[in-house]
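Heads up, query-v2.cif below (mmCIF, C-alpha atoms):
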```cif
data_protein
loop_
_atom_site.label_atom_id
_atom_site.label_comp_id
_atom_site.auth_asym_id
_atom_site.auth_seq_id
_atom_site.Cartn_x
_atom_site.Cartn_y
_atom_site.Cartn_z
CA MET A 1 97.17 92.41 144.38
CA ASP A 2 95.56 93.39 147.67
CA GLU A 3 92.95 90.65 147.97
CA HIS A 4 93.43 87.95 145.38
CA GLY A 5 89.74 87.19 144.79
CA HIS A 6 88.82 90.85 144.78
CA CYS A 7 91.32 91.73 142.05
CA LYS A 8 90.32 88.73 139.99
CA ASP A 9 86.75 90.03 139.79
CA TYR A 10 88.07 93.21 138.22
CA LEU A 11 90.39 91.35 135.87
CA LYS A 12 87.39 89.88 134.02
CA ASN A 13 86.32 93.41 133.06
CA PHE A 14 89.64 94.69 131.77
CA CYS A 15 88.95 93.87 128.12
CA ASP A 16 85.53 95.54 128.11
CA PHE A 17 87.13 98.52 129.83
CA ILE A 18 89.84 98.76 127.16
CA ASP A 19 87.25 98.44 124.39
CA GLY A 20 85.08 101.14 126.01
CA GLU A 21 82.24 98.69 126.51
CA LEU A 22 82.13 98.45 130.29
CA PRO A 23 78.87 99.83 131.77
CA ALA A 24 79.36 103.22 133.48
CA GLU A 25 78.84 101.95 137.02
CA LEU A 26 81.37 99.12 136.70
CA CYS A 27 83.72 101.53 134.99
CA GLU A 28 83.68 103.87 137.99
CA GLN A 29 84.21 100.96 140.38
CA LEU A 30 87.16 99.74 138.34
CA LYS A 31 88.71 103.22 138.18
CA ALA A 32 88.40 103.56 141.96
CA HIS A 33 90.08 100.16 142.38
CA LEU A 34 92.88 101.04 139.96
CA ALA A 35 93.62 104.23 141.92
CA GLU A 36 94.46 102.02 144.91
CA CYS A 37 95.90 98.89 143.32
CA THR A 38 99.29 99.14 141.62
CA ASN A 39 99.30 95.52 140.46
CA CYS A 40 95.98 95.81 138.67
CA THR A 41 97.18 99.05 137.08
CA ILE A 42 100.29 97.27 135.81
CA ILE A 43 98.21 94.40 134.45
CA LEU A 44 95.79 96.75 132.72
CA GLU A 45 98.51 98.93 131.19
CA THR A 46 100.59 95.97 129.99
CA LEU A 47 97.43 94.39 128.56
CA LYS A 48 96.79 97.57 126.56
CA ARG A 49 100.40 97.60 125.44
CA THR A 50 100.25 93.93 124.40
CA ILE A 51 97.31 94.71 122.10
CA ASN A 52 99.05 97.82 120.72
CA ILE A 53 102.27 95.93 119.97
CA TYR A 54 100.42 93.35 117.90
CA GLN A 55 98.33 96.01 116.14
CA SER A 56 101.43 97.93 115.16
CA THR A 57 103.07 94.84 113.65
CA ALA A 58 100.12 94.58 111.25
CA GLU A 59 100.24 98.21 110.13
CA SER A 60 103.46 97.78 108.20
CA GLU A 61 102.22 94.61 106.54
CA ARG A 62 103.49 94.02 103.01
CA LEU A 63 103.17 91.18 100.58
CA PRO A 64 106.67 89.97 99.61
CA GLU A 65 107.30 90.69 95.92
CA ASP A 66 107.81 87.02 94.96
CA VAL A 67 104.64 85.96 96.80
CA HIS A 68 102.77 88.75 95.00
CA SER A 69 104.06 87.67 91.56
CA ARG A 70 103.17 84.03 92.12
CA LEU A 71 99.69 85.02 93.33
CA LEU A 72 99.02 87.05 90.18
CA ALA A 73 100.34 84.22 88.00
CA ARG A 74 98.14 81.66 89.76
CA LEU A 75 95.10 83.91 89.29
CA LYS A 76 96.09 84.65 85.70
CA LEU A 77 96.21 88.32 86.54
CA ASP A 78 99.83 88.70 85.51
CA ASP A 79 99.03 90.30 82.17
CA ASP A 80 98.18 93.98 81.97
CA TRP A 81 95.11 93.98 84.22
CA ILE A 82 96.97 95.48 87.12
CA THR A 83 99.28 97.83 85.28
CA LYS A 84 96.47 99.12 83.08
CA GLY A 85 95.06 101.33 85.80
CA SER A 86 98.33 102.52 87.35
CA MET B 87 92.78 97.35 107.54
CA ILE B 88 90.21 96.05 105.05
CA GLU B 89 86.93 97.92 105.39
CA ASP B 90 83.66 97.88 103.49
CA LYS B 91 83.87 101.62 102.92
CA ASP B 92 86.83 100.92 100.65
CA PHE B 93 84.48 99.21 98.20
CA SER B 94 81.87 101.37 96.49
CA PRO B 95 78.55 99.90 95.28
CA ASP B 96 79.83 100.55 91.78
CA PHE B 97 82.95 98.51 92.50
CA ILE B 98 80.87 95.60 93.84
CA ASP B 99 78.66 95.79 90.75
CA ARG B 100 81.72 95.54 88.52
CA LEU B 101 83.12 92.69 90.60
CA THR B 102 79.95 90.62 90.50
CA ALA B 103 79.54 91.30 86.78
CA GLY B 104 82.81 89.45 86.25
CA ASP B 105 85.04 92.47 85.63
CA ARG B 106 88.63 91.13 85.80
CA ALA B 107 90.07 94.58 86.53
CA ALA B 108 87.79 94.88 89.58
CA PHE B 109 88.94 91.47 90.77
CA ALA B 110 92.56 92.50 90.26
CA GLU B 111 91.88 95.62 92.32
CA LEU B 112 90.34 93.53 95.09
CA VAL B 113 93.45 91.34 95.14
CA GLU B 114 95.79 94.35 95.22
CA LYS B 115 93.90 96.06 98.04
CA THR B 116 93.36 93.07 100.27
CA SER B 117 96.11 90.50 99.68
CA PRO B 118 98.71 91.97 102.10
CA ARG B 119 96.18 91.68 104.93
CA ILE B 120 94.99 88.22 103.96
CA TYR B 121 98.60 87.02 103.72
CA GLY B 122 99.37 88.57 107.13
CA LEU B 123 96.43 86.73 108.67
CA ALA B 124 97.49 83.42 107.11
CA LEU B 125 101.13 83.87 108.10
CA ARG B 126 100.33 84.58 111.75
CA MET B 127 97.73 81.84 111.84
CA LEU B 128 100.04 79.17 110.37
CA SER B 129 103.50 80.48 111.21
CA ASN B 130 104.84 79.04 107.97
CA GLU B 131 105.50 81.04 104.79
CA GLN B 132 104.73 78.26 102.30
CA ASP B 133 101.45 77.33 104.02
CA ALA B 134 100.47 81.00 104.21
CA GLU B 135 101.14 81.43 100.49
CA ASP B 136 99.03 78.35 99.68
CA VAL B 137 96.17 79.73 101.80
CA LEU B 138 96.52 83.12 100.10
CA GLN B 139 96.24 81.62 96.62
CA GLU B 140 93.39 79.28 97.53
CA THR B 141 91.48 82.15 99.14
CA TYR B 142 91.41 84.19 95.92
CA LEU B 143 90.76 81.16 93.70
CA LYS B 144 87.74 80.30 95.86
CA ALA B 145 86.68 83.94 96.05
CA TYR B 146 86.78 84.28 92.27
CA LYS B 147 84.60 81.21 91.83
CA ALA B 148 82.18 82.38 94.53
CA ILE B 149 81.77 85.95 93.29
CA PRO B 150 78.63 85.22 91.24
CA ASP B 151 76.93 84.05 94.47
CA PHE B 152 78.00 87.09 96.49
CA GLU B 153 74.98 88.87 98.02
CA LYS B 154 75.51 92.52 97.21
CA ARG B 155 73.99 93.72 100.46
CA SER B 156 76.36 91.67 102.59
CA SER B 157 79.84 92.70 103.64
CA LEU B 158 82.64 92.09 101.16
CA THR B 159 85.19 92.28 104.00
CA THR B 160 83.43 89.61 106.05
CA TRP B 161 82.93 87.45 102.98
CA LEU B 162 86.60 87.52 101.99
CA TYR B 163 87.90 86.97 105.52
CA ARG B 164 85.48 84.05 105.95
CA ILE B 165 86.98 82.33 102.92
CA ALA B 166 90.52 83.01 104.16
CA ALA B 167 89.78 81.89 107.74
CA ASN B 168 88.22 78.65 106.47
CA GLU B 169 91.21 77.98 104.24
CA ALA B 170 93.62 78.58 107.14
CA LEU B 171 91.61 76.36 109.50
CA MET B 172 91.47 73.63 106.85
CA MET B 173 95.24 73.80 106.44
CA ILE B 174 95.69 73.45 110.21
CA ARG B 175 93.35 70.46 110.33
CA LYS B 176 95.29 68.85 107.49
CA LYS B 177 98.64 69.41 109.21
CA LYS B 178 97.67 68.61 112.79
CA PRO B 179 94.46 66.56 112.72
CA LEU B 180 94.79 65.16 116.25
CA GLN B 181 95.60 68.45 117.89
CA GLN B 182 92.64 70.16 116.25
CA SER B 183 90.00 67.75 117.42
CA VAL B 184 90.97 68.71 120.94
CA GLU B 185 91.42 72.39 120.36
CA LEU B 186 88.59 73.67 118.21
CA ASP B 187 85.93 73.82 120.87
CA ASP B 188 88.34 74.58 123.61
CA ASP B 189 86.46 77.08 125.71
CA ASN B 190 87.30 75.69 129.12
CA ASP B 191 88.91 77.87 131.66
CA GLU B 192 92.36 76.44 131.97
CA GLY B 193 93.06 76.83 135.63
CA GLU B 194 93.06 80.04 137.57
CA ALA B 195 96.68 80.97 137.15
CA GLN B 196 97.88 84.08 138.90
CA PRO B 197 98.67 86.80 136.34
CA GLU B 198 102.34 87.72 135.87
CA ILE B 199 103.11 91.07 137.47
CA VAL B 200 106.04 92.58 135.58
CA ASP B 201 106.16 96.31 135.08
CA TRP B 202 107.14 96.72 131.43
CA ARG B 203 104.72 99.61 130.87
CA TYR B 204 107.55 102.00 130.06
CA LEU B 205 109.84 99.65 128.17
CA PRO B 206 111.40 101.66 125.30
CA GLU B 207 109.99 101.09 121.82
CA LYS B 208 113.41 100.02 120.51
CA GLU B 209 113.24 96.98 122.83
CA LEU B 210 110.15 95.90 120.94
CA ALA B 211 111.66 96.24 117.48
CA SER B 212 114.40 93.64 117.89
CA ILE B 213 114.30 90.50 115.78
CA GLU B 214 114.30 88.42 118.95
CA THR B 215 111.23 90.22 120.29
CA ARG B 216 109.42 89.89 116.97
CA ARG B 217 110.09 86.15 117.00
CA MET B 218 108.79 85.93 120.56
CA LEU B 219 105.57 87.76 119.56
CA GLN B 220 104.84 85.11 116.94
CA GLU B 221 105.78 82.26 119.28
CA ALA B 222 103.28 83.60 121.82
CA ILE B 223 100.59 83.55 119.12
CA ASP B 224 101.58 79.98 118.18
CA ARG B 225 101.02 78.89 121.77
CA LEU B 226 97.36 79.98 121.69
CA SER B 227 94.83 77.32 120.76
CA THR B 228 93.49 77.66 117.21
CA ALA B 229 90.15 78.91 118.50
CA LEU B 230 91.73 81.71 120.53
CA ARG B 231 94.34 82.55 117.88
CA ILE B 232 91.87 83.18 115.06
CA VAL B 233 89.69 85.41 117.25
CA PHE B 234 92.65 87.48 118.43
CA LEU B 235 94.04 87.85 114.90
CA LEU B 236 90.73 88.91 113.36
CA ARG B 237 89.66 91.26 116.14
CA ASP B 238 92.88 92.80 117.42
CA VAL B 239 95.40 92.39 114.61
CA GLN B 240 93.14 92.79 111.57
CA GLY B 241 91.03 95.34 113.44
CA LEU B 242 87.61 93.83 112.75
CA SER B 243 84.68 94.34 115.11
CA VAL B 244 83.40 91.68 117.50
CA LYS B 245 80.31 91.32 115.30
CA GLU B 246 82.34 90.90 112.10
CA THR B 247 84.61 88.35 113.82
CA ALA B 248 81.54 86.43 115.02
CA ASP B 249 80.02 86.47 111.51
CA ILE B 250 83.25 85.24 109.93
CA LEU B 251 83.62 82.36 112.37
CA GLY B 252 79.92 81.51 112.58
CA VAL B 253 79.79 81.82 116.36
CA ASN B 254 77.90 84.27 118.56
CA GLU B 255 79.39 87.50 119.84
CA ASN B 256 79.68 86.29 123.43
CA VAL B 257 81.87 83.41 122.29
CA VAL B 258 84.13 85.90 120.49
CA LYS B 259 84.30 88.11 123.58
CA THR B 260 85.13 85.23 125.91
CA ARG B 261 87.85 83.92 123.60
CA LEU B 262 89.24 87.40 123.10
CA VAL B 263 89.60 87.96 126.86
CA ARG B 264 91.43 84.66 127.23
CA ALA B 265 93.69 85.24 124.24
CA ARG B 266 94.64 88.76 125.33
CA LEU B 267 95.38 87.73 128.91
CA LYS B 268 97.45 84.74 127.80
CA LEU B 269 99.50 86.85 125.43
CA ARG B 270 100.02 89.51 128.10
CA ASP B 271 101.22 86.83 130.49
CA ASP B 272 103.60 85.40 127.88
CA LEU B 273 105.01 88.82 127.03
CA SER B 274 105.39 89.63 130.73
CA GLY B 275 107.41 86.44 131.28
CA TYR B 276 109.64 87.34 128.34
CA PHE B 277 110.16 90.94 129.42
CA ARG B 278 110.83 89.86 133.00
CA GLU B 279 113.92 88.02 131.71
CA ARG B 280 114.93 90.96 129.51
CA LEU B 281 114.65 93.39 132.43
CA VAL B 282 116.64 91.07 134.71
CA SER B 283 119.45 90.64 132.16
CA GLU B 284 119.50 94.41 131.61
CA VAL B 285 120.06 94.98 135.34
CA GLN B 286 122.75 92.27 135.44
CA ASN B 287 124.59 93.71 132.47
CA GLY B 288 124.36 97.23 133.87
#
```
Show me the file's structure as structure tokens.
Amino acid sequence: MDEHGHCKDYLKNFCDFIDGELPAELCEQLKAHLAECTNCTIILETLKRTINIYQSTAESERLPEDVHSRLLARLKLDDDWITKGS
Amino acid sequence: MIEDKDFSPDFIDRLTAGDRAAFAELVEKTSPRIYGLALRMLSNEQDAEDVLQETYLKAYKAIPDFEKRSSLTTWLYRIAANEALMMIRKKKPLQQSVELDDDNDEGEAQPEIVDWRYLPEKELASIETRRMLQEAIDRLSTALRIVFLLRDVQGLSVKETADILGVNENVVKTRLVRARLKLRDDLSGYFRERLVSEVQNG
């Protein structure tokens, strides 16, 4: 980080920047800063990657078969309600 | 991802009319996500299963009161989030009284600067890394954890997350920033050690 305080001001805006919600003017300022500051670039890119890692763990989400069976039994849906349509 | 567009008006009509097949379909479509939320929130398989079952038992009872114009996604997640938060309060009552309104800035720690931008995907797939990802979530306060899980892991919008938790959108945004930065710091600390040991081992 070049100037500690300076970088910290930008840090606050990283999440809005990632979510595409940072106002245009601040966005340009941040991009100009990133072009000159390797540390902030690393922080921003690893922040994006952190979010992506967690998102990808959820994509392959499955309900374990035994948990699924017990859920249907508890809800009394373990007759032919489910299989009827499939 | 659970989205309102997955539920047609006809489906919601059937559901609110007490159609068991529609309820079964709701369970089939949404339970993996609800279980995933509970498991990450509680970090315990038995507790997550209890929350899963309670969520659908409560949902079934509450269906007659469901306002058709409101969001089914938000409604279901609200029940699940409340169940998970209740379970946490039951398990750790003292911790929760401190944590739930925890919106203070905890110090002005310097962010970890570790360049793991180009770390290979296979590094992330290891069992050890997966365990670390959950441990990092566990270290977040309950208030930050639920916001991060709903917004970033379940993929809900800031507005939906705010509606589910009954807080305003700015609160969600503030908590989300803190949760994301904390997790990034935690992951950076972990990958710093991995990168160092990689260099040492050639």
For chain B, list the residues within 7 Å of chain A, counting only C-alpha atoms, and write the list as a count of residues only.
-> 18
In Å, with one decimal, what is the gap from CA of Arg164 in chain B to CA of Ile250 in chain B?
->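 Going from CA of Arg164 in chain B over to CA of Ile250 in chain B covers 4.7 Å.
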Quick one: distance from CA of Lys177 in chain B to CA of Ile149 in chain B in Å, one decimal?
->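 Those two atoms sit 28.5 Å apart.
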Have a look at CA of Asp96 in chain B and CA of Ala108 in chain B and let me know their distance in Å, one decimal.
->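 Here the two named atoms are 10.0 Å from each other.
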Can you pull out the residues contacting Asp151 in chain B? Cut-off 10 Å, using all atoms listed in the file, and skip same-chain residues under 4 positions away; I want them as an mmCIF file with C-alpha atoms, in the frame of the given file.
```cif
data_model
loop_
_atom_site.group_PDB
_atom_site.id
_atom_site.type_symbol
_atom_site.label_atom_id
_atom_site.label_comp_id
_atom_site.auth_asym_id
_atom_site.auth_seq_id
_atom_site.Cartn_x
_atom_site.Cartn_y
_atom_site.Cartn_z
ATOM 1 C CA THR B 102 79.950 90.620 90.500
ATOM 2 C CA ALA B 145 86.680 83.940 96.050
ATOM 3 C CA LYS B 147 84.600 81.210 91.830
#
```
Missing atoms of range 26-40 of chain A rebuilt to N, CA, C and O atoms, written as a compact mmCIF listing (two decimals), in the coordinates of the input:
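Full text of part23.txt as output:
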```txt
# COMPACT_ATOMS: atom_id res chain seq x y z
N LEU A 26 80.21 100.01 136.51
CA LEU A 26 81.37 99.12 136.70
C LEU A 26 82.67 99.84 136.36
O LEU A 26 83.72 99.60 136.97
N CYS A 27 82.56 100.74 135.41
CA CYS A 27 83.72 101.53 134.99
C CYS A 27 84.23 102.39 136.15
O CYS A 27 85.44 102.44 136.41
N GLU A 28 83.30 103.03 136.84
CA GLU A 28 83.68 103.87 137.99
C GLU A 28 84.29 103.02 139.10
O GLU A 28 85.29 103.40 139.71
N GLN A 29 83.68 101.86 139.34
CA GLN A 29 84.21 100.96 140.38
C GLN A 29 85.63 100.52 140.04
O GLN A 29 86.51 100.50 140.90
N LEU A 30 85.83 100.19 138.76
CA LEU A 30 87.16 99.74 138.34
C LEU A 30 88.19 100.87 138.48
O LEU A 30 89.30 100.65 138.98
N LYS A 31 87.79 102.08 138.07
CA LYS A 31 88.71 103.22 138.18
C LYS A 31 89.10 103.46 139.63
O LYS A 31 90.27 103.74 139.94
N ALA A 32 88.12 103.35 140.53
CA ALA A 32 88.40 103.56 141.96
C ALA A 32 89.38 102.49 142.45
O ALA A 32 90.31 102.77 143.21
N HIS A 33 89.18 101.26 141.98
CA HIS A 33 90.08 100.16 142.38
C HIS A 33 91.49 100.40 141.84
O HIS A 33 92.47 100.23 142.56
N LEU A 34 91.57 100.82 140.59
CA LEU A 34 92.88 101.04 139.96
C LEU A 34 93.67 102.13 140.69
O LEU A 34 94.90 102.05 140.80
N ALA A 35 92.95 103.13 141.21
CA ALA A 35 93.62 104.23 141.92
C ALA A 35 94.34 103.71 143.16
O ALA A 35 95.29 104.32 143.64
N GLU A 36 93.88 102.56 143.67
CA GLU A 36 94.46 102.02 144.91
C GLU A 36 95.34 100.79 144.69
O GLU A 36 96.06 100.37 145.59
N CYS A 37 95.23 100.17 143.51
CA CYS A 37 95.90 98.89 143.32
C CYS A 37 96.95 98.97 142.19
O CYS A 37 96.61 99.00 141.01
N THR A 38 98.20 99.01 142.59
CA THR A 38 99.29 99.14 141.62
C THR A 38 99.36 97.92 140.71
O THR A 38 99.57 98.04 139.51
N ASN A 39 99.19 96.72 141.27
CA ASN A 39 99.30 95.52 140.46
C ASN A 39 98.26 95.46 139.35
O ASN A 39 98.57 95.12 138.22
N CYS A 40 97.02 95.81 139.71
CA CYS A 40 95.98 95.81 138.67
C CYS A 40 96.27 96.87 137.62
O CYS A 40 95.99 96.66 136.43
```
